[in-house]
Amino acid sequence: MTDLSVSLGKLQLAFPTLMASGCYGSGEEYASFIDLSQVGGIVLKSVTRWPRLGNATPRLVPTPSGMLNAIGLQNPGIDWYLEHEVRKFADRPCAIIGSVAGFSVDDYGYITERLARRKEIAAIEVNISCPNVASEGETFACDPQLTKKVVELTRSVTDKPLIVKLSPNVTDIAAIAVQAQDAGADALAVINTVRAMSIDVDAWRPRLGNIAGGLSGAAIRPIALLAVYEVARAVRIPIVGQGGIETPNDALEFFLAGATAISIGTANFTDPRAPLRIVEGVRDYLQQRNLKSLKEITGKANVGFSNAHQYEGDEG
Ligand SMILES: Cc1cc2nc3c(=O)[nH]c(=O)nc-3n(C[C@H](O)[C@H](O)[C@H](O)COP(=O)(O)O)c2cc1C
């Protein structure tokens, strides 16, 4: 029997597949397409302290091999969320992971404490790709000190597993990862979307209402893979790899780079059965090689790193 279960700190997942935040709701719409007991868990849409209407439209734009989004964290705010939404998650047959977003360090502590108290929530993902209003809009995930402060505070308000979600829009993602780990993160989600834009050449204006957005899908997969690889070499805690995973082969690349689990986002929009397809393919791969569990391949593209002398960053 091939064991596909994985642990992210104290969070046990029957399958290594999470559904990425903002791409799966709470699973309700997908339940008629796939058996949710066959996915590891669902990361809910990020929730903020106050309700947010989100950005001006258009908010989604297809691009070659991917898509741009600038939703603007549209959500009903933590009060409404706790009162009306969270109880609906009690009967989901997989782990439900809350996602917290904030515009101040204090926001993160406040929302995490309230959300993590709920029994329906198995773990918290901390989405630090948000601007800090106290430091002229600098993104938390781009500053090691801000990352540390957010993670220390969220760590102090809950014992539930904390997954800190890192941004690729930084110079040295491994340095940020180490700060998050040392401040108490149980796991890291690597990566969030890549900043990007698209222009309509007939209208002479950006296609997104917000001008800039986050690129996701296959276009960012090689970027995400290198980020996972570099973070895995720098930390001891598990990594949830994500960014353009569409096929079993994509998932295997992430496991070999050092991911313990993976998240699937954009692929769900075109193929709701992608999570099942990916798990089946990964299982076949392990069985064909007589491997008993994912542990046998996790980070194996990293082990020894005997050609380290050849690795001096990119050539460009
Ligand atoms: C429409 C959309 C909404 C998203 N909303 C969130 C969000 O609220 N919080 C968050 O942490 N990530 C959000 N993400 C990022 C995804 O969770 C994921 O990290 C990213 O898209 C990369 O994975 P993918 O290429 O498989 O989609 C969103 C992505 C998309 C496409």
# chains A, B, ... in the order shown; residues from 1 in each chain; ligands from 1
call {"tool": "select_by_dssp", "arguments": {"residues": "segment 66-175 of chain A", "states": "alpha helix (DSSP H)", "output": "PyMOL selection string"}}
result
chain A and resi 78-80+105-116+144-157+173-175
call {"tool": "residues_near_ligand", "arguments": {"ligand": "ligand 1", "cutoff": "8 Å", "atoms": "only C-alpha atoms and all ligand atoms", "output": "PDB file with C-alpha atoms, in the first residue's frame"}}
result
ATOM      1  CA  MET A  19      -6.562  23.495  -2.603  1.00  0.00           C
ATOM      2  CA  ALA A  20      -4.974  26.960  -2.792  1.00  0.00           C
ATOM      3  CA  SER A  21      -6.496  29.987  -1.088  1.00  0.00           C
ATOM      4  CA  GLY A  22      -8.852  32.030  -3.262  1.00  0.00           C
ATOM      5  CA  CYS A  23      -9.148  29.287  -5.867  1.00  0.00           C
ATOM      6  CA  VAL A  43      -7.226  26.630   2.246  1.00  0.00           C
ATOM      7  CA  LEU A  44     -10.044  29.148   2.508  1.00  0.00           C
ATOM      8  CA  LYS A  45     -10.071  32.593   0.877  1.00  0.00           C
ATOM      9  CA  SER A  46      -8.049  35.053   2.963  1.00  0.00           C
ATOM     10  CA  VAL A  47     -10.113  36.947   5.507  1.00  0.00           C
ATOM     11  CA  LEU A  60      -9.124  38.433 -13.940  1.00  0.00           C
ATOM     12  CA  GLY A  66      -1.618  31.438 -16.887  1.00  0.00           C
ATOM     13  CA  MET A  67      -3.788  34.235 -15.608  1.00  0.00           C
ATOM     14  CA  LEU A  68      -3.570  37.543 -13.837  1.00  0.00           C
ATOM     15  CA  ASN A  69      -5.757  38.330 -10.866  1.00  0.00           C
ATOM     16  CA  ALA A  70      -6.251  41.422  -8.800  1.00  0.00           C
ATOM     17  CA  ILE A  71      -9.235  40.489  -6.672  1.00  0.00           C
ATOM     18  CA  LEU A  73      -8.970  40.393  -1.044  1.00  0.00           C
ATOM     19  CA  GLN A  74     -12.733  40.688  -1.425  1.00  0.00           C
ATOM     20  CA  SER A  99      -6.260  32.068   5.699  1.00  0.00           C
ATOM     21  CA  VAL A 100      -5.540  35.342   7.437  1.00  0.00           C
ATOM     22  CA  ALA A 101      -4.621  38.636   5.734  1.00  0.00           C
ATOM     23  CA  GLU A 125      -2.295  29.975   6.763  1.00  0.00           C
ATOM     24  CA  VAL A 126      -0.819  33.450   7.212  1.00  0.00           C
ATOM     25  CA  ASN A 127      -0.940  35.352   3.927  1.00  0.00           C
ATOM     26  CA  ILE A 128       1.759  37.990   4.354  1.00  0.00           C
ATOM     27  CA  SER A 129       1.560  39.299   0.761  1.00  0.00           C
ATOM     28  CA  LYS A 165       2.731  31.898   2.881  1.00  0.00           C
ATOM     29  CA  ALA A 189       3.576  27.903   1.636  1.00  0.00           C
ATOM     30  CA  VAL A 190       5.822  28.695  -1.339  1.00  0.00           C
ATOM     31  CA  ILE A 191       4.805  30.696  -3.470  1.00  0.00           C
ATOM     32  CA  ASN A 192       2.035  33.255  -3.769  1.00  0.00           C
ATOM     33  CA  THR A 193       1.448  34.919  -7.156  1.00  0.00           C
ATOM     34  CA  GLY A 214      -0.689  38.461  -9.476  1.00  0.00           C
ATOM     35  CA  LEU A 215       0.320  35.949 -12.152  1.00  0.00           C
ATOM     36  CA  SER A 216      -0.571  32.316 -11.490  1.00  0.00           C
ATOM     37  CA  GLY A 217      -0.744  29.054 -13.424  1.00  0.00           C
ATOM     38  CA  ALA A 218       1.822  27.190 -15.530  1.00  0.00           C
ATOM     39  CA  ALA A 219       3.652  30.421 -16.418  1.00  0.00           C
ATOM     40  CA  ILE A 220       5.039  30.682 -12.865  1.00  0.00           C
ATOM     41  CA  ARG A 221       5.846  26.995 -12.270  1.00  0.00           C
ATOM     42  CA  GLN A 242       2.544  25.789  -5.250  1.00  0.00           C
ATOM     43  CA  GLY A 243       2.544  27.744  -8.476  1.00  0.00           C
ATOM     44  CA  GLY A 244       1.241  26.286 -11.724  1.00  0.00           C
ATOM     45  CA  ILE A 245       0.914  22.654 -10.660  1.00  0.00           C
ATOM     46  CA  GLU A 246      -1.327  20.955 -13.248  1.00  0.00           C
ATOM     47  CA  SER A 263      -1.306  23.297  -3.332  1.00  0.00           C
ATOM     48  CA  ILE A 264      -3.377  23.437  -6.475  1.00  0.00           C
ATOM     49  CA  GLY A 265      -4.918  26.754  -7.463  1.00  0.00           C
ATOM     50  CA  THR A 266      -5.426  27.897 -11.035  1.00  0.00           C
ATOM     51  CA  ALA A 267      -5.578  24.330 -12.430  1.00  0.00           C
TER      52      ALA A 267
END
call {"tool": "atom_distance", "arguments": {"atom1": "atom CA of Ile96 of chain A", "atom2": "atom CA of Lys119 of chain A"}}
result
10.0 Å
call {"tool": "closest_residue", "arguments": {"among": "A:Ala234, A:Met197, A:Asp202, A:Gly241", "to": "Gln179 of chain A", "atoms": "only C-alpha atoms"}}
result
A:Ala234
call {"tool": "residues_around", "arguments": {"residues": "Val105 of chain A", "least_positions_apart": "5", "cutoff": "12 Å", "atoms": "only C-alpha atoms", "output": "list in words"}}
result
Arg49, Val100, Tyr110, Ile111, Thr112, Val126, Asn127, Ile128, Cys130, Pro131, Asn132, Val133, Ala134, Ser135, Thr139, Phe140, Ala141, Gln145, Leu146, Thr147, Lys148, Lys149, Val150, Val151, Glu152, Leu153 and Thr154 of chain A
call {"tool": "atom_distance", "arguments": {"atom1": "atom CA of Arg114 of chain A", "atom2": "atom CA of Tyr81 of chain A"}}
result
10.5 Å
call {"tool": "atom_distance", "arguments": {"atom1": "atom CA of Ser37 of chain A", "atom2": "atom CA of Thr2 of chain A"}}
result
17.1 Å
call {"tool": "residues_around", "arguments": {"residues": "Val228 of chain A", "least_positions_apart": "2", "cutoff": "9 Å", "atoms": "only C-alpha atoms", "output": "list of chain:residue names"}}
result
A:Ala174, A:Ala189, A:Val190, A:Ile191, A:Ile223, A:Ala224, A:Leu225, A:Leu226, A:Glu230, A:Val231, A:Ala232, A:Arg233, A:Ile239, A:Val240, A:Gly241, A:Gln242, A:Phe254, A:Ala257, A:Gly258, A:Ala259
call {"tool": "write_last_selection", "arguments": {"atoms": "N, CA, C and O atoms", "output": "PDB file, in the first residue's frame"}}
result
ATOM      1  N   ALA A 174      14.698  32.748   0.596  1.00  0.00           N
ATOM      2  CA  ALA A 174      15.174  31.856   1.658  1.00  0.00           C
ATOM      3  C   ALA A 174      15.418  32.630   2.957  1.00  0.00           C
ATOM      4  O   ALA A 174      15.158  32.120   4.058  1.00  0.00           O
ATOM      5  N   ALA A 189       4.211  28.062   2.951  1.00  0.00           N
ATOM      6  CA  ALA A 189       3.576  27.903   1.636  1.00  0.00           C
ATOM      7  C   ALA A 189       4.398  28.717   0.644  1.00  0.00           C
ATOM      8  O   ALA A 189       4.615  29.920   0.836  1.00  0.00           O
ATOM      9  N   VAL A 190       4.880  28.071  -0.404  1.00  0.00           N
ATOM     10  CA  VAL A 190       5.822  28.695  -1.339  1.00  0.00           C
ATOM     11  C   VAL A 190       5.366  28.365  -2.772  1.00  0.00           C
ATOM     12  O   VAL A 190       5.420  27.197  -3.161  1.00  0.00           O
ATOM     13  N   ILE A 191       4.808  29.255  -3.568  1.00  0.00           N
ATOM     14  CA  ILE A 191       4.805  30.696  -3.470  1.00  0.00           C
ATOM     15  C   ILE A 191       3.398  31.257  -3.698  1.00  0.00           C
ATOM     16  O   ILE A 191       2.542  30.568  -4.257  1.00  0.00           O
ATOM     17  N   ILE A 223       9.427  29.304 -11.677  1.00  0.00           N
ATOM     18  CA  ILE A 223       9.793  30.286 -10.634  1.00  0.00           C
ATOM     19  C   ILE A 223       9.497  29.678  -9.262  1.00  0.00           C
ATOM     20  O   ILE A 223      10.311  29.724  -8.332  1.00  0.00           O
ATOM     21  N   ALA A 224       8.311  29.085  -9.153  1.00  0.00           N
ATOM     22  CA  ALA A 224       7.899  28.483  -7.879  1.00  0.00           C
ATOM     23  C   ALA A 224       8.813  27.320  -7.502  1.00  0.00           C
ATOM     24  O   ALA A 224       9.181  27.143  -6.326  1.00  0.00           O
ATOM     25  N   LEU A 225       9.182  26.549  -8.499  1.00  0.00           N
ATOM     26  CA  LEU A 225      10.007  25.367  -8.225  1.00  0.00           C
ATOM     27  C   LEU A 225      11.366  25.772  -7.648  1.00  0.00           C
ATOM     28  O   LEU A 225      11.832  25.200  -6.656  1.00  0.00           O
ATOM     29  N   LEU A 226      11.975  26.775  -8.252  1.00  0.00           N
ATOM     30  CA  LEU A 226      13.275  27.225  -7.731  1.00  0.00           C
ATOM     31  C   LEU A 226      13.116  27.801  -6.322  1.00  0.00           C
ATOM     32  O   LEU A 226      13.966  27.578  -5.456  1.00  0.00           O
ATOM     33  N   GLU A 230      15.132  26.477  -3.113  1.00  0.00           N
ATOM     34  CA  GLU A 230      16.017  27.323  -2.296  1.00  0.00           C
ATOM     35  C   GLU A 230      15.546  27.396  -0.843  1.00  0.00           C
ATOM     36  O   GLU A 230      16.363  27.374   0.079  1.00  0.00           O
ATOM     37  N   VAL A 231      14.239  27.454  -0.661  1.00  0.00           N
ATOM     38  CA  VAL A 231      13.722  27.499   0.716  1.00  0.00           C
ATOM     39  C   VAL A 231      14.013  26.168   1.422  1.00  0.00           C
ATOM     40  O   VAL A 231      14.426  26.145   2.583  1.00  0.00           O
ATOM     41  N   ALA A 232      13.843  25.069   0.702  1.00  0.00           N
ATOM     42  CA  ALA A 232      14.074  23.747   1.310  1.00  0.00           C
ATOM     43  C   ALA A 232      15.515  23.599   1.795  1.00  0.00           C
ATOM     44  O   ALA A 232      15.782  22.915   2.778  1.00  0.00           O
ATOM     45  N   ARG A 233      16.427  24.225   1.090  1.00  0.00           N
ATOM     46  CA  ARG A 233      17.835  24.145   1.493  1.00  0.00           C
ATOM     47  C   ARG A 233      18.124  25.003   2.737  1.00  0.00           C
ATOM     48  O   ARG A 233      19.151  24.836   3.381  1.00  0.00           O
ATOM     49  N   ILE A 239       7.365  22.304   3.639  1.00  0.00           N
ATOM     50  CA  ILE A 239       6.976  23.309   2.632  1.00  0.00           C
ATOM     51  C   ILE A 239       5.766  22.805   1.845  1.00  0.00           C
ATOM     52  O   ILE A 239       5.726  21.634   1.458  1.00  0.00           O
ATOM     53  N   VAL A 240       4.815  23.707   1.624  1.00  0.00           N
ATOM     54  CA  VAL A 240       3.696  23.410   0.723  1.00  0.00           C
ATOM     55  C   VAL A 240       4.011  24.113  -0.590  1.00  0.00           C
ATOM     56  O   VAL A 240       3.898  25.337  -0.698  1.00  0.00           O
ATOM     57  N   GLY A 241       4.437  23.355  -1.591  1.00  0.00           N
ATOM     58  CA  GLY A 241       4.837  23.941  -2.876  1.00  0.00           C
ATOM     59  C   GLY A 241       3.617  24.284  -3.705  1.00  0.00           C
ATOM     60  O   GLY A 241       2.641  23.535  -3.732  1.00  0.00           O
ATOM     61  N   GLN A 242       3.661  25.407  -4.388  1.00  0.00           N
ATOM     62  CA  GLN A 242       2.544  25.789  -5.250  1.00  0.00           C
ATOM     63  C   GLN A 242       2.977  26.817  -6.266  1.00  0.00           C
ATOM     64  O   GLN A 242       3.937  27.554  -6.050  1.00  0.00           O
ATOM     65  N   PHE A 254       7.962  19.245  -7.623  1.00  0.00           N
ATOM     66  CA  PHE A 254       7.926  19.992  -6.360  1.00  0.00           C
ATOM     67  C   PHE A 254       8.341  19.107  -5.176  1.00  0.00           C
ATOM     68  O   PHE A 254       9.054  19.556  -4.284  1.00  0.00           O
ATOM     69  N   ALA A 257      11.995  18.736  -5.248  1.00  0.00           N
ATOM     70  CA  ALA A 257      12.672  19.987  -4.880  1.00  0.00           C
ATOM     71  C   ALA A 257      12.641  20.222  -3.373  1.00  0.00           C
ATOM     72  O   ALA A 257      13.372  21.067  -2.868  1.00  0.00           O
ATOM     73  N   GLY A 258      11.753  19.491  -2.663  1.00  0.00           N
ATOM     74  CA  GLY A 258      11.725  19.652  -1.203  1.00  0.00           C
ATOM     75  C   GLY A 258      10.366  19.949  -0.606  1.00  0.00           C
ATOM     76  O   GLY A 258      10.258  20.192   0.596  1.00  0.00           O
ATOM     77  N   ALA A 259       9.304  19.934  -1.427  1.00  0.00           N
ATOM     78  CA  ALA A 259       7.965  20.179  -0.880  1.00  0.00           C
ATOM     79  C   ALA A 259       7.434  18.912  -0.209  1.00  0.00           C
ATOM     80  O   ALA A 259       7.553  17.817  -0.763  1.00  0.00           O
TER      81      ALA A 259
END
call {"tool": "select_by_dssp", "arguments": {"residues": "segment 37-197 of chain A", "states": "strand (DSSP E)", "output": "ChimeraX atom specification"}}
result
/A:41-43,60-63,66-69,95-100,123-127,131-132,138-139,162-166,187-190,194-196
call {"tool": "write_last_selection", "arguments": {"atoms": "N, CA and C atoms", "output": "mmCIF file, in the first residue's frame"}}
result
data_model
loop_
_atom_site.group_PDB
_atom_site.id
_atom_site.type_symbol
_atom_site.label_atom_id
_atom_site.label_comp_id
_atom_site.auth_asym_id
_atom_site.auth_seq_id
_atom_site.Cartn_x
_atom_site.Cartn_y
_atom_site.Cartn_z
ATOM 1 N N GLY A 41 -6.753 18.898 1.870
ATOM 2 C CA GLY A 41 -7.411 19.987 2.590
ATOM 3 C C GLY A 41 -7.698 21.157 1.687
ATOM 4 N N ILE A 42 -8.475 22.081 2.235
ATOM 5 C CA ILE A 42 -8.845 23.288 1.491
ATOM 6 C C ILE A 42 -8.371 24.501 2.287
ATOM 7 N N VAL A 43 -7.608 25.363 1.610
ATOM 8 C CA VAL A 43 -7.226 26.630 2.246
ATOM 9 C C VAL A 43 -8.268 27.659 1.825
ATOM 10 N N LEU A 60 -9.770 39.650 -13.427
ATOM 11 C CA LEU A 60 -9.124 38.433 -13.940
ATOM 12 C C LEU A 60 -8.818 38.630 -15.419
ATOM 13 N N VAL A 61 -7.614 38.289 -15.827
ATOM 14 C CA VAL A 61 -7.219 38.416 -17.234
ATOM 15 C C VAL A 61 -6.420 37.174 -17.618
ATOM 16 N N PRO A 62 -6.866 36.452 -18.682
ATOM 17 C CA PRO A 62 -6.059 35.313 -19.119
ATOM 18 C C PRO A 62 -4.763 35.796 -19.757
ATOM 19 N N THR A 63 -3.669 35.087 -19.531
ATOM 20 C CA THR A 63 -2.372 35.421 -20.138
ATOM 21 C C THR A 63 -1.789 34.114 -20.670
ATOM 22 N N GLY A 66 -1.260 31.070 -18.256
ATOM 23 C CA GLY A 66 -1.618 31.438 -16.887
ATOM 24 C C GLY A 66 -2.707 32.482 -16.840
ATOM 25 N N MET A 67 -2.817 33.151 -15.718
ATOM 26 C CA MET A 67 -3.788 34.235 -15.608
ATOM 27 C C MET A 67 -3.323 35.260 -14.595
ATOM 28 N N LEU A 68 -3.845 36.468 -14.785
ATOM 29 C CA LEU A 68 -3.570 37.543 -13.837
ATOM 30 C C LEU A 68 -4.809 37.735 -12.978
ATOM 31 N N ASN A 69 -4.612 37.950 -11.683
ATOM 32 C CA ASN A 69 -5.757 38.330 -10.866
ATOM 33 C C ASN A 69 -5.385 39.498 -9.977
ATOM 34 N N ALA A 95 -9.218 18.457 5.662
ATOM 35 C CA ALA A 95 -8.809 19.536 6.573
ATOM 36 C C ALA A 95 -9.233 20.902 6.019
ATOM 37 N N ILE A 96 -9.729 21.750 6.889
ATOM 38 C CA ILE A 96 -10.075 23.114 6.495
ATOM 39 C C ILE A 96 -9.085 24.066 7.156
ATOM 40 N N ILE A 97 -8.401 24.827 6.310
ATOM 41 C CA ILE A 97 -7.341 25.709 6.791
ATOM 42 C C ILE A 97 -7.777 27.159 6.565
ATOM 43 N N GLY A 98 -7.827 27.920 7.635
ATOM 44 C CA GLY A 98 -8.208 29.327 7.514
ATOM 45 C C GLY A 98 -7.047 30.124 6.957
ATOM 46 N N SER A 99 -7.343 31.204 6.222
ATOM 47 C CA SER A 99 -6.260 32.068 5.699
ATOM 48 C C SER A 99 -6.492 33.489 6.208
ATOM 49 N N VAL A 100 -5.444 34.039 6.786
ATOM 50 C CA VAL A 100 -5.540 35.342 7.437
ATOM 51 C C VAL A 100 -4.734 36.368 6.652
ATOM 52 N N ALA A 123 -6.055 24.498 10.907
ATOM 53 C CA ALA A 123 -4.760 25.185 10.884
ATOM 54 C C ALA A 123 -4.979 26.573 10.289
ATOM 55 N N ILE A 124 -3.963 27.415 10.430
ATOM 56 C CA ILE A 124 -4.062 28.777 9.887
ATOM 57 C C ILE A 124 -2.933 29.001 8.886
ATOM 58 N N GLU A 125 -3.320 29.512 7.704
ATOM 59 C CA GLU A 125 -2.295 29.975 6.763
ATOM 60 C C GLU A 125 -2.222 31.503 6.896
ATOM 61 N N VAL A 126 -1.005 32.011 7.030
ATOM 62 C CA VAL A 126 -0.819 33.450 7.212
ATOM 63 C C VAL A 126 -0.341 34.028 5.887
ATOM 64 N N ASN A 127 -1.240 34.772 5.234
ATOM 65 C CA ASN A 127 -0.940 35.352 3.927
ATOM 66 C C ASN A 127 -0.275 36.708 4.148
ATOM 67 N N PRO A 131 0.015 44.803 1.959
ATOM 68 C CA PRO A 131 0.760 46.015 2.318
ATOM 69 C C PRO A 131 0.538 46.411 3.769
ATOM 70 N N ASN A 132 1.594 46.893 4.409
ATOM 71 C CA ASN A 132 1.509 47.344 5.790
ATOM 72 C C ASN A 132 1.224 48.842 5.788
ATOM 73 N N GLU A 138 4.508 48.989 2.496
ATOM 74 C CA GLU A 138 5.489 47.931 2.207
ATOM 75 C C GLU A 138 4.857 46.566 2.501
ATOM 76 N N THR A 139 5.098 45.612 1.606
ATOM 77 C CA THR A 139 4.492 44.297 1.787
ATOM 78 C C THR A 139 5.195 43.546 2.917
ATOM 79 N N LEU A 162 0.598 26.618 12.098
ATOM 80 C CA LEU A 162 0.691 27.886 11.347
ATOM 81 C C LEU A 162 1.503 27.656 10.085
ATOM 82 N N ILE A 163 0.878 27.964 8.950
ATOM 83 C CA ILE A 163 1.580 27.873 7.660
ATOM 84 C C ILE A 163 1.782 29.312 7.183
ATOM 85 N N VAL A 164 3.006 29.720 6.989
ATOM 86 C CA VAL A 164 3.251 31.094 6.548
ATOM 87 C C VAL A 164 3.487 31.093 5.041
ATOM 88 N N LYS A 165 2.689 31.917 4.345
ATOM 89 C CA LYS A 165 2.731 31.898 2.881
ATOM 90 C C LYS A 165 3.628 33.007 2.353
ATOM 91 N N LEU A 166 4.679 32.614 1.657
ATOM 92 C CA LEU A 166 5.711 33.552 1.213
ATOM 93 C C LEU A 166 5.429 34.082 -0.191
ATOM 94 N N ALA A 187 5.061 25.486 9.104
ATOM 95 C CA ALA A 187 5.261 25.123 7.693
ATOM 96 C C ALA A 187 5.247 26.402 6.871
ATOM 97 N N LEU A 188 5.705 26.297 5.628
ATOM 98 C CA LEU A 188 5.740 27.460 4.737
ATOM 99 C C LEU A 188 5.018 27.131 3.442
ATOM 100 N N ALA A 189 4.211 28.062 2.951
ATOM 101 C CA ALA A 189 3.576 27.903 1.636
ATOM 102 C C ALA A 189 4.398 28.717 0.644
ATOM 103 N N VAL A 190 4.880 28.071 -0.404
ATOM 104 C CA VAL A 190 5.822 28.695 -1.339
ATOM 105 C C VAL A 190 5.366 28.365 -2.772
ATOM 106 N N VAL A 194 2.974 35.986 -8.687
ATOM 107 C CA VAL A 194 4.097 36.830 -9.117
ATOM 108 C C VAL A 194 3.542 38.146 -9.684
ATOM 109 N N ARG A 195 4.030 39.278 -9.211
ATOM 110 C CA ARG A 195 3.522 40.585 -9.691
ATOM 111 C C ARG A 195 3.715 40.730 -11.208
ATOM 112 N N ALA A 196 2.648 41.178 -11.870
ATOM 113 C CA ALA A 196 2.697 41.242 -13.337
ATOM 114 C C ALA A 196 1.583 42.143 -13.870
#
call {"tool": "residues_around", "arguments": {"residues": "Thr158 of chain A", "least_positions_apart": "2", "cutoff": "8 Å", "atoms": "only C-alpha atoms", "output": "mmCIF file with N, CA and C atoms, in the first residue's frame"}}
result
data_model
loop_
_atom_site.group_PDB
_atom_site.id
_atom_site.type_symbol
_atom_site.label_atom_id
_atom_site.label_comp_id
_atom_site.auth_asym_id
_atom_site.auth_seq_id
_atom_site.Cartn_x
_atom_site.Cartn_y
_atom_site.Cartn_z
ATOM 1 N N THR A 112 -6.166 35.954 13.572
ATOM 2 C CA THR A 112 -5.718 34.578 13.826
ATOM 3 C C THR A 112 -6.298 34.051 15.133
ATOM 4 N N GLU A 113 -6.246 34.873 16.165
ATOM 5 C CA GLU A 113 -6.749 34.421 17.466
ATOM 6 C C GLU A 113 -8.220 34.026 17.371
ATOM 7 N N ALA A 116 -8.700 30.880 14.809
ATOM 8 C CA ALA A 116 -8.106 29.617 15.267
ATOM 9 C C ALA A 116 -8.884 29.011 16.433
ATOM 10 N N ARG A 117 -9.659 29.825 17.133
ATOM 11 C CA ARG A 117 -10.460 29.304 18.248
ATOM 12 C C ARG A 117 -11.562 28.355 17.774
ATOM 13 N N THR A 154 1.304 35.950 15.604
ATOM 14 C CA THR A 154 0.302 34.911 15.316
ATOM 15 C C THR A 154 0.640 33.631 16.095
ATOM 16 N N ARG A 155 1.932 33.351 16.213
ATOM 17 C CA ARG A 155 2.352 32.171 16.992
ATOM 18 C C ARG A 155 1.903 32.285 18.451
ATOM 19 N N SER A 156 1.949 33.520 18.982
ATOM 20 C CA SER A 156 1.639 33.702 20.410
ATOM 21 C C SER A 156 0.145 33.555 20.707
ATOM 22 N N LYS A 160 -2.512 26.095 17.189
ATOM 23 C CA LYS A 160 -2.833 25.348 15.955
ATOM 24 C C LYS A 160 -1.698 25.529 14.949
#
